[in-house]
>>> print(open('data22.cif').read())   # mmCIF, C-alpha atoms (C1' of nucleotides)
data_coords
#
loop_
_atom_site.label_atom_id
_atom_site.label_comp_id
_atom_site.auth_asym_id
_atom_site.auth_seq_id
_atom_site.Cartn_x
_atom_site.Cartn_y
_atom_site.Cartn_z
CA MET A 169 0.00 0.00 0.00
CA THR A 170 2.11 2.75 1.29
CA ASP A 171 5.39 2.55 -0.49
CA ILE A 172 6.74 5.81 0.78
CA ASN A 173 10.40 6.30 1.28
CA PHE A 174 10.54 6.96 4.96
CA SER A 175 14.21 7.42 5.28
CA ARG A 176 14.65 10.52 7.35
CA GLY A 177 16.01 13.73 5.95
CA PRO A 178 16.56 15.02 2.46
CA ALA A 179 18.09 13.04 -0.35
CA ASP A 180 21.19 15.18 -0.19
CA PRO A 181 21.71 16.67 3.24
CA ASP A 182 25.00 18.26 2.31
CA SER A 183 23.31 20.66 -0.05
CA GLN A 184 22.14 22.59 2.99
CA GLY A 185 25.39 23.97 4.22
CA ALA A 186 25.81 26.78 1.78
CA ALA A 187 22.24 27.83 1.27
CA GLY A 188 21.11 29.30 4.57
CA THR A 189 22.47 32.22 6.44
CA SER A 190 21.10 31.87 9.97
CA PRO A 191 23.34 30.51 12.73
CA ALA A 192 21.86 27.02 12.67
CA THR A 193 21.78 26.02 9.06
CA ARG A 194 23.44 22.65 8.83
CA ALA A 195 20.80 19.97 8.74
CA GLY A 196 22.52 17.94 11.39
CA GLU A 197 22.14 20.71 13.92
CA MET A 198 18.45 21.25 13.45
CA ARG A 199 16.09 20.33 16.23
CA TRP A 200 13.68 18.58 13.90
CA ASP A 201 12.44 16.53 16.81
CA ILE A 202 11.29 19.46 18.92
CA ILE A 203 10.03 21.39 15.89
CA GLU A 204 7.75 18.56 14.88
CA LEU A 205 6.70 17.61 18.39
CA LEU A 206 5.64 21.21 18.99
CA PHE A 207 3.60 21.19 15.80
CA PHE A 208 1.71 18.02 16.63
CA ALA A 209 1.37 18.73 20.33
CA TYR A 210 -0.10 22.16 19.71
CA ARG A 211 -2.33 20.88 16.93
CA ASP A 212 -3.96 18.35 19.22
CA PHE A 213 -3.90 20.69 22.21
CA VAL A 214 -6.02 23.33 20.48
CA GLY A 215 -8.01 20.61 18.76
CA ASP A 216 -9.62 19.75 22.07
CA ALA A 217 -11.15 23.17 22.36
CA ASP A 218 -11.92 23.54 18.65
CA HIS A 219 -14.25 20.60 18.72
CA GLU A 220 -16.15 21.88 21.74
CA LEU A 221 -16.36 25.41 20.36
CA GLU A 222 -18.35 24.24 17.36
CA ALA A 223 -21.29 23.50 19.62
CA PHE A 224 -21.30 27.18 20.63
CA GLY A 225 -20.87 28.51 17.12
CA PHE A 226 -17.55 29.98 18.14
CA GLY A 227 -14.04 29.70 16.81
CA ARG A 228 -10.53 29.87 18.20
CA ALA A 229 -10.64 33.63 18.27
CA HIS A 230 -13.55 33.57 20.69
CA HIS A 231 -11.75 31.11 22.91
CA ARG A 232 -8.63 33.24 23.13
CA VAL A 233 -10.60 36.34 24.02
CA MET A 234 -12.73 34.53 26.60
CA HIS A 235 -9.72 32.88 28.14
CA PHE A 236 -7.76 36.03 28.78
CA VAL A 237 -10.77 38.07 29.87
CA TYR A 238 -11.63 35.38 32.39
CA ARG A 239 -8.10 35.00 33.60
CA TYR A 240 -7.30 38.69 33.85
CA PRO A 241 -10.51 40.40 34.91
CA GLY A 242 -10.73 44.04 34.00
CA LEU A 243 -8.51 43.67 30.96
CA LYS A 244 -8.71 46.66 28.64
CA VAL A 245 -9.37 46.32 24.95
CA ALA A 246 -5.91 47.69 24.23
CA ASP A 247 -4.32 45.06 26.46
CA LEU A 248 -6.20 42.32 24.68
CA LEU A 249 -4.91 43.64 21.38
CA ASP A 250 -1.34 43.42 22.70
CA VAL A 251 -1.78 39.89 23.97
CA LEU A 252 -3.52 38.45 20.96
CA ARG A 253 -1.46 40.47 18.49
CA ILE A 254 -4.37 41.07 16.20
CA THR A 255 -5.94 44.26 14.96
CA LYS A 256 -8.77 46.24 16.50
CA GLN A 257 -11.10 45.25 13.70
CA SER A 258 -10.46 41.55 14.09
CA LEU A 259 -10.96 41.73 17.82
CA GLY A 260 -14.01 43.95 17.43
CA ARG A 261 -16.06 41.39 15.58
CA VAL A 262 -15.34 38.60 18.01
CA LEU A 263 -15.74 40.78 21.07
CA LYS A 264 -19.06 42.13 19.85
CA GLN A 265 -20.43 38.62 19.52
CA LEU A 266 -19.29 37.67 23.00
CA LEU A 267 -20.84 40.84 24.42
CA ASP A 268 -24.11 40.40 22.53
CA GLU A 269 -24.45 36.80 23.61
CA GLY A 270 -23.72 37.56 27.23
CA TYR A 271 -20.35 35.91 27.70
CA ILE A 272 -18.55 39.14 28.52
CA VAL A 273 -19.58 42.45 30.06
CA GLN A 274 -17.93 45.84 29.82
CA LYS A 275 -17.52 48.31 32.65
CA THR A 276 -16.40 51.87 32.21
CA GLY A 277 -13.06 52.49 33.88
CA ASN A 278 -13.13 54.35 37.16
CA ASN A 279 -10.02 56.41 36.62
CA ASP A 280 -10.33 56.74 32.88
CA ARG A 281 -13.87 56.72 31.64
CA ARG A 282 -12.76 56.05 28.07
CA GLN A 283 -11.68 52.55 28.97
CA ARG A 284 -13.99 49.58 28.68
CA LEU A 285 -12.82 47.03 31.19
CA LEU A 286 -13.79 43.50 30.28
CA TYR A 287 -15.18 40.84 32.60
CA ALA A 288 -16.45 37.33 31.99
CA THR A 289 -20.04 36.65 33.00
CA PRO A 290 -20.95 33.36 34.72
CA LYS A 291 -21.92 32.12 31.29
CA GLY A 292 -18.50 33.09 29.99
CA GLU A 293 -16.76 31.57 32.99
CA ALA A 294 -18.53 28.30 32.37
CA LEU A 295 -17.33 28.21 28.78
CA VAL A 296 -13.74 28.93 29.73
CA ALA A 297 -13.86 26.32 32.48
CA LYS A 298 -15.18 23.72 30.10
CA LEU A 299 -12.47 24.33 27.52
CA ALA A 300 -9.71 24.63 30.08
CA GLY A 301 -10.93 21.38 31.59
CA LEU A 302 -10.38 19.55 28.33
CA GLN A 303 -6.93 21.00 27.91
CA THR A 304 -6.03 20.40 31.53
CA ASP A 305 -7.01 16.77 31.16
CA ARG A 306 -4.59 16.42 28.26
CA ILE A 307 -1.82 18.20 30.15
CA THR A 308 -2.38 16.20 33.32
CA HIS A 309 -2.19 13.01 31.32
CA ALA A 310 0.99 14.14 29.60
CA LEU A 311 2.60 15.04 32.92
CA ARG A 312 1.49 11.86 34.65
CA ASP A 313 4.80 10.02 34.58
CA ILE A 314 7.05 13.03 34.88
CA ASN A 315 8.68 13.89 38.18
CA PRO A 316 8.75 17.40 39.69
CA GLU A 317 12.19 18.14 38.25
CA GLY A 318 10.90 17.21 34.83
CA VAL A 319 7.85 19.41 35.21
CA ALA A 320 10.11 22.27 36.24
CA ALA A 321 12.21 21.71 33.13
CA ILE A 322 9.10 21.78 30.95
CA SER A 323 7.94 25.01 32.52
CA GLN A 324 11.38 26.56 32.17
CA PHE A 325 11.60 25.48 28.55
CA LEU A 326 8.23 26.93 27.61
CA ARG A 327 9.04 30.20 29.36
CA ALA A 328 12.35 30.46 27.59
CA MET A 329 10.64 29.96 24.25
CA ILE A 330 8.69 33.19 24.73
CA ASP A 331 9.92 36.55 23.51
CA ARG A 332 10.68 38.83 26.39
CA ASP A 333 11.30 42.03 24.52
CA ASP A 334 8.35 44.35 24.97
CA PRO A 335 6.15 41.98 26.95
CA ASP A 336 2.49 42.77 27.25
CA LYS A 337 0.52 43.06 30.49
CA VAL A 338 -0.41 39.42 30.61
CA LEU A 339 3.13 38.25 30.04
CA GLU A 340 4.34 40.57 32.76
CA ALA A 341 1.88 38.92 35.09
CA ILE A 342 2.90 35.44 34.02
CA PHE A 343 6.56 36.13 34.49
CA GLY A 344 5.84 37.68 37.84
CA ILE A 345 7.40 41.07 37.31
CA GLY A 346 5.56 42.40 40.32
CA SER A 347 6.56 39.50 42.59
CA LYS A 348 3.17 37.97 42.01
CA LYS A 349 3.50 34.23 42.04
CA PRO A 350 1.77 32.40 39.26
CA ARG A 351 -0.64 29.83 40.58
CA GLU A 352 1.18 26.57 40.50
CA MET B 696 -1.02 54.27 32.96
CA THR B 697 -2.54 50.87 33.08
CA ASP B 698 -4.79 50.58 36.05
CA ILE B 699 -5.86 47.04 35.35
CA ASN B 700 -6.86 44.75 38.11
CA PHE B 701 -4.26 42.06 37.77
CA SER B 702 -5.36 39.87 40.57
CA ARG B 703 -5.27 36.37 39.15
CA GLY B 704 -8.35 34.36 38.46
CA PRO B 705 -12.00 35.23 38.22
CA ALA B 706 -13.85 37.43 40.66
CA ASP B 707 -15.71 34.42 41.96
CA PRO B 708 -13.77 31.22 41.40
CA ASP B 709 -16.28 29.08 43.25
CA SER B 710 -18.86 29.65 40.57
CA GLN B 711 -16.99 27.17 38.42
CA GLY B 712 -17.65 23.98 40.27
CA ALA B 713 -21.18 23.35 39.12
CA ALA B 714 -21.00 24.60 35.57
CA GLY B 715 -18.66 22.27 33.69
CA THR B 716 -18.97 18.57 33.14
CA SER B 717 -15.49 17.43 32.16
CA PRO B 718 -13.24 15.74 34.71
CA ALA B 719 -11.18 18.81 35.49
CA THR B 720 -13.62 21.60 36.06
CA ARG B 721 -12.72 23.14 39.38
CA ALA B 722 -10.69 26.25 38.75
CA GLY B 723 -8.06 25.27 41.25
CA GLU B 724 -7.21 22.15 39.30
CA MET B 725 -6.73 23.83 35.98
CA ARG B 726 -3.25 23.99 34.51
CA TRP B 727 -3.57 27.64 33.59
CA ASP B 728 0.19 27.92 33.71
CA ILE B 729 0.87 25.32 31.04
CA ILE B 730 -2.12 26.37 28.96
CA GLU B 731 -0.88 29.93 28.74
CA LEU B 732 2.77 29.04 28.34
CA LEU B 733 1.88 26.81 25.40
CA PHE B 734 -0.08 29.64 23.81
CA PHE B 735 2.72 32.17 24.07
CA ALA B 736 5.51 29.74 23.32
CA TYR B 737 3.84 28.52 20.16
CA ARG B 738 2.88 32.03 19.11
CA ASP B 739 6.48 33.16 19.20
CA PHE B 740 7.79 29.88 17.83
CA VAL B 741 5.78 30.14 14.64
CA GLY B 742 6.30 33.89 14.58
CA ASP B 743 9.93 33.33 13.71
CA ALA B 744 9.01 31.64 10.47
CA ASP B 745 6.07 33.90 9.71
CA HIS B 746 8.27 36.94 9.47
CA GLU B 747 10.71 35.27 7.14
CA LEU B 748 7.96 33.81 4.96
CA GLU B 749 6.69 37.26 4.06
CA ALA B 750 9.82 37.86 2.02
CA PHE B 751 8.88 34.85 -0.10
CA GLY B 752 5.24 35.76 -0.43
CA PHE B 753 4.32 32.62 1.42
CA GLY B 754 2.26 31.89 4.52
CA ARG B 755 2.20 29.29 7.23
CA ALA B 756 0.46 26.81 5.00
CA HIS B 757 3.38 26.85 2.58
CA HIS B 758 5.81 26.35 5.41
CA ARG B 759 4.00 23.31 6.75
CA VAL B 760 3.87 21.69 3.34
CA MET B 761 7.51 22.44 2.57
CA HIS B 762 8.62 21.21 5.96
CA PHE B 763 7.02 17.79 5.74
CA VAL B 764 7.89 17.28 2.10
CA TYR B 765 11.52 18.03 2.88
CA ARG B 766 11.59 15.87 5.96
CA TYR B 767 9.78 12.90 4.50
CA PRO B 768 10.87 12.72 0.85
CA GLY B 769 8.43 10.91 -1.37
CA LEU B 770 5.43 11.83 0.73
CA LYS B 771 2.16 11.25 -1.11
CA VAL B 772 -0.51 13.89 -1.38
CA ALA B 773 -2.83 11.72 0.69
CA ASP B 774 -0.24 11.45 3.47
CA LEU B 775 0.17 15.19 3.51
CA LEU B 776 -3.56 15.58 3.88
CA ASP B 777 -3.50 13.28 6.89
CA VAL B 778 -0.64 15.11 8.53
CA LEU B 779 -1.88 18.63 7.99
CA ARG B 780 -5.52 17.72 8.55
CA ILE B 781 -6.77 20.04 5.87
CA THR B 782 -8.81 19.37 2.77
CA LYS B 783 -7.58 18.50 -0.67
CA GLN B 784 -8.65 21.87 -2.01
CA SER B 785 -6.77 23.83 0.63
CA LEU B 786 -3.66 21.80 0.07
CA GLY B 787 -4.08 22.01 -3.69
CA ARG B 788 -3.76 25.76 -3.87
CA VAL B 789 -0.67 25.89 -1.71
CA LEU B 790 0.94 22.88 -3.34
CA LYS B 791 0.33 24.26 -6.82
CA GLN B 792 2.16 27.45 -5.92
CA LEU B 793 5.12 25.55 -4.51
CA LEU B 794 5.27 23.37 -7.63
CA ASP B 795 4.94 26.31 -10.02
CA GLU B 796 7.65 28.26 -8.26
CA GLY B 797 10.02 25.32 -8.17
CA TYR B 798 10.16 24.55 -4.47
CA ILE B 799 8.72 21.07 -4.86
CA VAL B 800 8.73 18.46 -7.63
CA GLN B 801 6.42 15.55 -8.22
CA LYS B 802 7.44 12.09 -9.35
CA THR B 803 5.05 9.40 -10.44
CA GLY B 804 5.09 6.44 -8.10
CA ASN B 805 6.93 3.37 -9.29
CA ASN B 806 4.54 0.80 -7.91
CA ASP B 807 1.42 2.87 -8.26
CA ARG B 808 1.47 5.29 -11.15
CA ARG B 809 -1.51 7.23 -9.75
CA GLN B 810 0.58 8.52 -6.91
CA ARG B 811 2.47 11.79 -7.09
CA LEU B 812 5.39 11.52 -4.73
CA LEU B 813 6.61 14.87 -3.49
CA TYR B 814 10.21 15.99 -3.15
CA ALA B 815 11.79 19.28 -2.19
CA THR B 816 14.07 20.89 -4.76
CA PRO B 817 17.33 22.52 -3.65
CA LYS B 818 15.40 25.78 -3.66
CA GLY B 819 12.81 24.24 -1.39
CA GLU B 820 15.44 22.70 0.83
CA ALA B 821 17.07 26.07 1.28
CA LEU B 822 13.78 27.60 2.39
CA VAL B 823 13.08 24.85 4.91
CA ALA B 824 16.62 25.06 6.24
CA LYS B 825 16.34 28.79 6.71
CA LEU B 826 13.09 28.56 8.62
CA ALA B 827 14.18 25.55 10.66
CA GLY B 828 17.36 27.43 11.50
CA LEU B 829 15.39 30.25 13.07
CA GLN B 830 13.26 27.87 15.07
CA THR B 831 16.23 25.76 16.07
CA ASP B 832 17.97 28.85 17.37
CA ARG B 833 15.00 29.57 19.60
CA ILE B 834 14.81 25.98 20.81
CA THR B 835 18.54 25.77 21.44
CA HIS B 836 18.37 28.94 23.47
CA ALA B 837 15.41 27.64 25.46
CA LEU B 838 17.19 24.36 26.20
CA ARG B 839 20.48 26.02 27.09
CA ASP B 840 20.26 25.69 30.85
CA ILE B 841 18.34 22.44 30.95
CA ASN B 842 20.12 19.17 31.75
CA PRO B 843 19.65 15.97 29.76
CA GLU B 844 17.03 14.64 32.16
CA GLY B 845 15.08 17.86 31.72
CA VAL B 846 15.31 17.63 27.95
CA ALA B 847 14.06 14.06 28.14
CA ALA B 848 11.12 15.22 30.23
CA ILE B 849 10.30 17.92 27.68
CA SER B 850 10.40 15.41 24.86
CA GLN B 851 8.28 12.95 26.78
CA PHE B 852 5.76 15.64 27.65
CA LEU B 853 5.36 16.82 24.08
CA ARG B 854 4.98 13.27 22.83
CA ALA B 855 2.34 12.51 25.43
CA MET B 856 0.39 15.60 24.38
CA ILE B 857 -0.15 14.11 20.93
CA ASP B 858 -3.15 11.98 20.00
CA ARG B 859 -2.13 8.43 19.29
CA ASP B 860 -5.38 7.09 17.97
CA ASP B 861 -5.18 6.71 14.22
CA PRO B 862 -1.73 8.23 13.76
CA ASP B 863 -0.68 9.31 10.29
CA LYS B 864 2.43 8.19 8.45
CA VAL B 865 4.61 10.97 9.77
CA LEU B 866 3.57 10.37 13.36
CA GLU B 867 4.27 6.69 12.95
CA ALA B 868 7.75 7.62 11.82
CA ILE B 869 8.25 10.02 14.70
CA PHE B 870 7.10 7.55 17.27
CA GLY B 871 9.21 4.87 15.66
CA ILE B 872 6.65 2.22 15.07
CA GLY B 873 9.41 -0.12 14.09
CA SER B 874 7.52 -2.93 12.43
CA LYS B 875 7.50 -3.19 8.68
CA LYS B 876 3.80 -2.84 8.34
CA PRO B 877 2.55 0.01 10.50
CA ARG B 878 -0.86 0.04 8.92
CA GLU B 879 -2.16 -3.06 7.23
"C1'" DA C 800 -10.79 77.31 26.87
"C1'" DA C 801 -8.96 75.31 22.93
"C1'" DA C 802 -6.19 71.99 20.78
"C1'" DT C 803 -4.31 67.57 20.80
"C1'" DT C 804 -3.88 62.89 22.07
"C1'" DT C 805 -5.82 58.60 23.54
"C1'" DA C 806 -9.21 54.64 23.87
"C1'" DT C 807 -12.55 52.71 21.63
"C1'" DG C 808 -15.81 51.64 17.90
"C1'" DT C 809 -17.00 51.16 13.14
"C1'" DC C 810 -17.08 51.11 7.90
"C1'" DA C 811 -15.40 49.32 3.48
"C1'" DG C 812 -12.56 46.41 1.13
"C1'" DT C 813 -9.01 42.76 0.70
"C1'" DC C 814 -6.38 38.48 1.55
"C1'" DA C 815 -5.04 33.79 3.25
"C1'" DT C 816 -6.64 29.70 4.44
"C1'" DG C 817 -9.91 26.83 5.72
"C1'" DT C 818 -14.60 24.42 4.42
"C1'" DT C 819 -18.32 21.31 1.37
"C1'" DG C 820 -19.82 19.05 -2.63
"C1'" DA C 821 -19.48 17.79 -7.24
"C1'" DC C 822 -17.08 16.02 -10.90
"C1'" DA C 823 -13.03 14.36 -14.20
"C1'" DT C 824 -9.10 11.42 -15.19
"C1'" DA C 825 -5.87 7.99 -14.79
"C1'" DT C 826 -4.74 3.89 -12.74
"C1'" DC C 827 -5.06 -0.11 -9.84
"C1'" DT C 828 -7.91 -4.02 -8.05
"C1'" DT C 829 -11.49 -7.35 -8.32
"C1'" DA D 658 -15.65 -4.99 -17.49
"C1'" DA D 659 -16.71 -2.93 -13.19
"C1'" DG D 660 -15.46 -0.71 -9.19
"C1'" DA D 661 -12.27 1.50 -6.06
"C1'" DT D 662 -8.50 4.65 -5.38
"C1'" DA D 663 -5.27 8.81 -5.98
"C1'" DT D 664 -5.21 12.95 -7.62
"C1'" DG D 665 -6.77 17.34 -9.64
"C1'" DT D 666 -10.13 20.87 -10.35
"C1'" DC D 667 -14.44 23.67 -10.24
"C1'" DA D 668 -17.75 26.78 -7.77
"C1'" DA D 669 -19.28 28.72 -3.60
"C1'" DC D 670 -18.64 30.01 0.94
"C1'" DA D 671 -16.84 31.00 6.14
"C1'" DT D 672 -13.53 32.58 9.34
"C1'" DG D 673 -10.33 35.41 10.88
"C1'" DA D 674 -6.69 37.96 9.69
"C1'" DC D 675 -5.29 42.60 7.29
"C1'" DT D 676 -5.17 48.10 5.90
"C1'" DG D 677 -6.86 52.57 5.99
"C1'" DA D 678 -10.11 55.85 7.03
"C1'" DC D 679 -13.11 58.05 10.02
"C1'" DA D 680 -16.16 59.12 14.40
"C1'" DT D 681 -16.86 59.83 19.27
"C1'" DA D 682 -15.92 60.61 24.01
"C1'" DA D 683 -12.80 61.56 27.41
"C1'" DA D 684 -8.32 62.77 29.04
"C1'" DT D 685 -4.28 65.62 28.63
"C1'" DT D 686 -1.56 69.40 27.08
"C1'" DT D 687 -0.98 73.96 25.63
#
>>> encode(input="data22.cif", output="structure tokens")
Amino acid sequence: MTDINFSRGPADPDSQGAAGTSPATRAGEMRWDIIELLFFAYRDFVGDADHELEAFGFGRAHHRVMHFVYRYPGLKVADLLDVLRITKQSLGRVLKQLLDEGYIVQKTGNNDRRQRLLYATPKGEALVAKLAGLQTDRITHALRDINPEGVAAISQFLRAMIDRDDPDKVLEAIFGIGSKKPRE
Amino acid sequence: MTDINFSRGPADPDSQGAAGTSPATRAGEMRWDIIELLFFAYRDFVGDADHELEAFGFGRAHHRVMHFVYRYPGLKVADLLDVLRITKQSLGRVLKQLLDEGYIVQKTGNNDRRQRLLYATPKGEALVAKLAGLQTDRITHALRDINPEGVAAISQFLRAMIDRDDPDKVLEAIFGIGSKKPRE
DNA sequence: AAATTTATGTCAGTCATGTTGACATATCTT
DNA sequence: AAGATATGTCAACATGACTGACATAAATTT
């Protein structure tokens, strides 16, 4: 049936050396393993939520907004734009739906009445909890046979994969700039 | 400045318990840390390639196709569909561009002349190497201070995050299903 | 007080990438 | 010869990105 050549790597690995210009260009030095594991792990990780979201008529964009609004109550629209790295227009459509359908409420800022601070409603909280539950189940399973040192290494690795130049508000909170300890 | 309430978690965490139905529904049991680290880590991980791809007039879809064609020479179209989990039409557009612009070539299968086996050209290999170089640099940096046991834990974690029911050809290769006949 | 900047919202149009369903062709299998 | 399979292509559509322009209210600066 499947007569694919599954020898790993290109037919002529040596042809790589001269082509690229970035520091790691020789095929032998590439972290193909981690690159591909990240692809598949993330694909299935978000797949959990994707499937559930269909029942709500929502997409990934809605999930991301709901998640961060729930997790960081009182988030401003501008902060959300920084975190999600999308444009105002893209966010606007999704946010409007979530507001209209009662998953999120806005409150005018106390200090600055131009701001619309965002909060999840109980309905919104339930959705986030449901999705996070699915993802937590997968994570818990994946961590099952890993000892505390291993878990620490995983956490350290993921943190070190994140850009730290010009972090947004949420990242500052995650990395505990203000001595706030992430729940762990 | 930013007068956001950055207390962690929802205003009323206890409201979660009754709402959800999946195993992990109580807010205190959620792996918010890993969930968010995965989001940011993957965002920045793929961001490396995204930026570079603009110069080629390509998007993420092109990268994914090029990557797997380069890594698994002789991949069939059907295998690529399994791996990427997209439809024939979506793949078709992207694949046609890569063929037209000389990044990929097709060869008719020897055993089965209906098959179009895909191979990266030197031009395609150079592109993959460049993008993988950027991502490898990030990974290498993130693994810098992690000992071999930690790296093993990271690898194990990522593998365990991946669905193993009905794995595709590439996953079978990654997980080293050693027998001659992985699927029938 | 007036002018400017900021935070947000919205409109119009475009693009990339995904979808479904139908259908055509060549080739392999029965 | 008939049917199944691998691939390619068509039309139509959905989502979620984008740019650029513009409007409003509120804060800030002059």
>>> residues_around(input="data22.cif", residues="B:Ala736", least_positions_apart="4", cutoff="10 Å", atoms="only C-alpha atoms (C1' of nucleotides)", output="PDB file with C-alpha atoms, in the coordinates of the input")
ATOM      1  CA  LEU A 206       5.640  21.210  18.990  1.00  0.00           C
ATOM      2  CA  PHE A 325      11.600  25.480  28.550  1.00  0.00           C
ATOM      3  CA  LEU A 326       8.230  26.930  27.610  1.00  0.00           C
ATOM      4  CA  ARG A 327       9.040  30.200  29.360  1.00  0.00           C
ATOM      5  CA  ALA A 328      12.350  30.460  27.590  1.00  0.00           C
ATOM      6  CA  MET A 329      10.640  29.960  24.250  1.00  0.00           C
ATOM      7  CA  ILE A 330       8.690  33.190  24.730  1.00  0.00           C
ATOM      8  CA  ASP A 331       9.920  36.550  23.510  1.00  0.00           C
TER       9      ASP A 331
ATOM     10  CA  GLU B 731      -0.880  29.930  28.740  1.00  0.00           C
ATOM     11  CA  LEU B 732       2.770  29.040  28.340  1.00  0.00           C
ATOM     12  CA  PHE B 740       7.790  29.880  17.830  1.00  0.00           C
ATOM     13  CA  VAL B 741       5.780  30.140  14.640  1.00  0.00           C
ATOM     14  CA  GLY B 742       6.300  33.890  14.580  1.00  0.00           C
TER      15      GLY B 742
END
>>> atom_distance(input="data22.cif", atom1="atom CA of B:Glu749", atom2="atom CA of B:Leu822")
12.1 Å
>>> resolve_selection(input="data22.cif", expression="the PyMOL selection byres ((chain C and resi 808) around 12)", output="ChimeraX atom specification")
/A:245,256-257,259-261,263-264,282-284 /C:806-807,809-810 /D:679-682
>>> closest_residue(input="data22.cif", among="C:DA800, C:DC827, C:DA815, C:DC822", to="chain A", atoms="all atoms listed in the file")
C:DC827
>>> atom_distance(input="data22.cif", atom1="atom CA of A:Ala310", atom2="atom CA of A:Arg211")
14.7 Å
>>> residues_around(input="data22.cif", residues="B:Ala848", least_positions_apart="2", cutoff="8 Å", atoms="all atoms listed in the file", output="NGL selection string")
(:A and (314 or 318-319 or 321-322)) or (:B and (844-846 or 850-852))
>>> resolve_selection(input="data22.cif", expression="the PyMOL selection byres ((chain C) within 9 of (chain B))", output="PDB file with C-alpha atoms (C1' of nucleotides), keeping the file's coordinate frame")
ATOM      1  C1'  DA C 815      -5.040  33.790   3.250  1.00  0.00           C
ATOM      2  C1'  DT C 816      -6.640  29.700   4.440  1.00  0.00           C
ATOM      3  C1'  DG C 817      -9.910  26.830   5.720  1.00  0.00           C
ATOM      4  C1'  DT C 818     -14.600  24.420   4.420  1.00  0.00           C
ATOM      5  C1'  DA C 825      -5.870   7.990 -14.790  1.00  0.00           C
ATOM      6  C1'  DT C 826      -4.740   3.890 -12.740  1.00  0.00           C
ATOM      7  C1'  DC C 827      -5.060  -0.110  -9.840  1.00  0.00           C
TER       8       DC C 827
END
>>> decode(input="data22.cif", residues="stretch 811-822 of chain C", atoms="N, CA, C and O atoms (P, O5', C5', C4', C3', O3' and C1' of nucleotides)", output="compact mmCIF listing (two decimals), in the first residue's frame")
# COMPACT_ATOMS: atom_id res chain seq x y z
P DA C 811 -20.06 49.98 4.93
O5' DA C 811 -19.27 50.53 3.65
C5' DA C 811 -18.16 51.42 3.79
C4' DA C 811 -16.99 50.94 2.93
C3' DA C 811 -17.28 49.68 2.11
O3' DA C 811 -16.76 49.84 0.80
C1' DA C 811 -15.40 49.32 3.48
P DG C 812 -17.06 48.73 -0.35
O5' DG C 812 -15.62 48.03 -0.46
C5' DG C 812 -14.47 48.84 -0.63
C4' DG C 812 -13.23 48.00 -0.41
C3' DG C 812 -13.26 46.64 -1.12
O3' DG C 812 -12.13 46.54 -1.97
C1' DG C 812 -12.56 46.41 1.13
P DT C 813 -11.98 45.28 -2.96
O5' DT C 813 -10.77 44.50 -2.26
C5' DT C 813 -9.63 45.23 -1.80
C4' DT C 813 -8.73 44.30 -1.00
C3' DT C 813 -8.58 42.91 -1.63
O3' DT C 813 -7.21 42.68 -1.89
C1' DT C 813 -9.01 42.76 0.70
P DC C 814 -6.72 41.42 -2.76
O5' DC C 814 -5.99 40.48 -1.71
C5' DC C 814 -5.30 41.05 -0.62
C4' DC C 814 -4.99 39.96 0.40
C3' DC C 814 -4.78 38.58 -0.22
O3' DC C 814 -3.58 38.03 0.29
C1' DC C 814 -6.38 38.48 1.55
P DA C 815 -2.99 36.68 -0.37
O5' DA C 815 -3.16 35.67 0.84
C5' DA C 815 -2.74 36.09 2.14
C4' DA C 815 -3.03 34.99 3.14
C3' DA C 815 -2.77 33.57 2.62
O3' DA C 815 -2.15 32.84 3.66
C1' DA C 815 -5.04 33.79 3.25
P DT C 816 -1.67 31.35 3.37
O5' DT C 816 -2.91 30.50 3.89
C5' DT C 816 -3.33 30.68 5.24
C4' DT C 816 -4.64 29.99 5.45
C3' DT C 816 -4.67 28.54 4.94
O3' DT C 816 -4.88 27.70 6.04
C1' DT C 816 -6.64 29.70 4.44
P DG C 817 -4.68 26.12 5.93
O5' DG C 817 -6.17 25.51 5.84
C5' DG C 817 -6.87 25.27 7.02
C4' DG C 817 -8.34 25.60 6.89
C3' DG C 817 -9.23 24.60 6.15
O3' DG C 817 -9.49 23.45 6.92
C1' DG C 817 -9.91 26.83 5.72
P DT C 818 -10.03 22.14 6.21
O5' DT C 818 -11.56 22.47 5.84
C5' DT C 818 -12.45 22.86 6.88
C4' DT C 818 -13.78 23.24 6.28
C3' DT C 818 -14.39 22.21 5.34
O3' DT C 818 -15.11 21.26 6.11
C1' DT C 818 -14.60 24.42 4.42
P DT C 819 -15.49 19.88 5.43
O5' DT C 819 -16.63 20.28 4.36
C5' DT C 819 -17.78 20.98 4.80
C4' DT C 819 -18.78 21.07 3.66
C3' DT C 819 -19.07 19.72 2.98
O3' DT C 819 -20.47 19.57 2.87
C1' DT C 819 -18.32 21.31 1.37
P DG C 820 -21.07 18.14 2.45
O5' DG C 820 -21.13 18.28 0.86
C5' DG C 820 -21.75 19.40 0.29
C4' DG C 820 -21.63 19.32 -1.21
C3' DG C 820 -21.65 17.88 -1.77
O3' DG C 820 -22.58 17.84 -2.84
C1' DG C 820 -19.82 19.05 -2.63
P DA C 821 -22.93 16.45 -3.56
O5' DA C 821 -22.44 16.75 -5.04
C5' DA C 821 -22.61 18.05 -5.59
C4' DA C 821 -21.72 18.21 -6.81
C3' DA C 821 -21.67 16.95 -7.68
O3' DA C 821 -22.07 17.28 -9.01
C1' DA C 821 -19.48 17.79 -7.24
P DC C 822 -22.37 16.14 -10.06
O5' DC C 822 -20.99 16.03 -10.87
C5' DC C 822 -20.42 17.23 -11.38
C4' DC C 822 -18.97 16.97 -11.75
C3' DC C 822 -18.73 15.70 -12.56
O3' DC C 822 -18.28 16.09 -13.85
C1' DC C 822 -17.08 16.02 -10.90
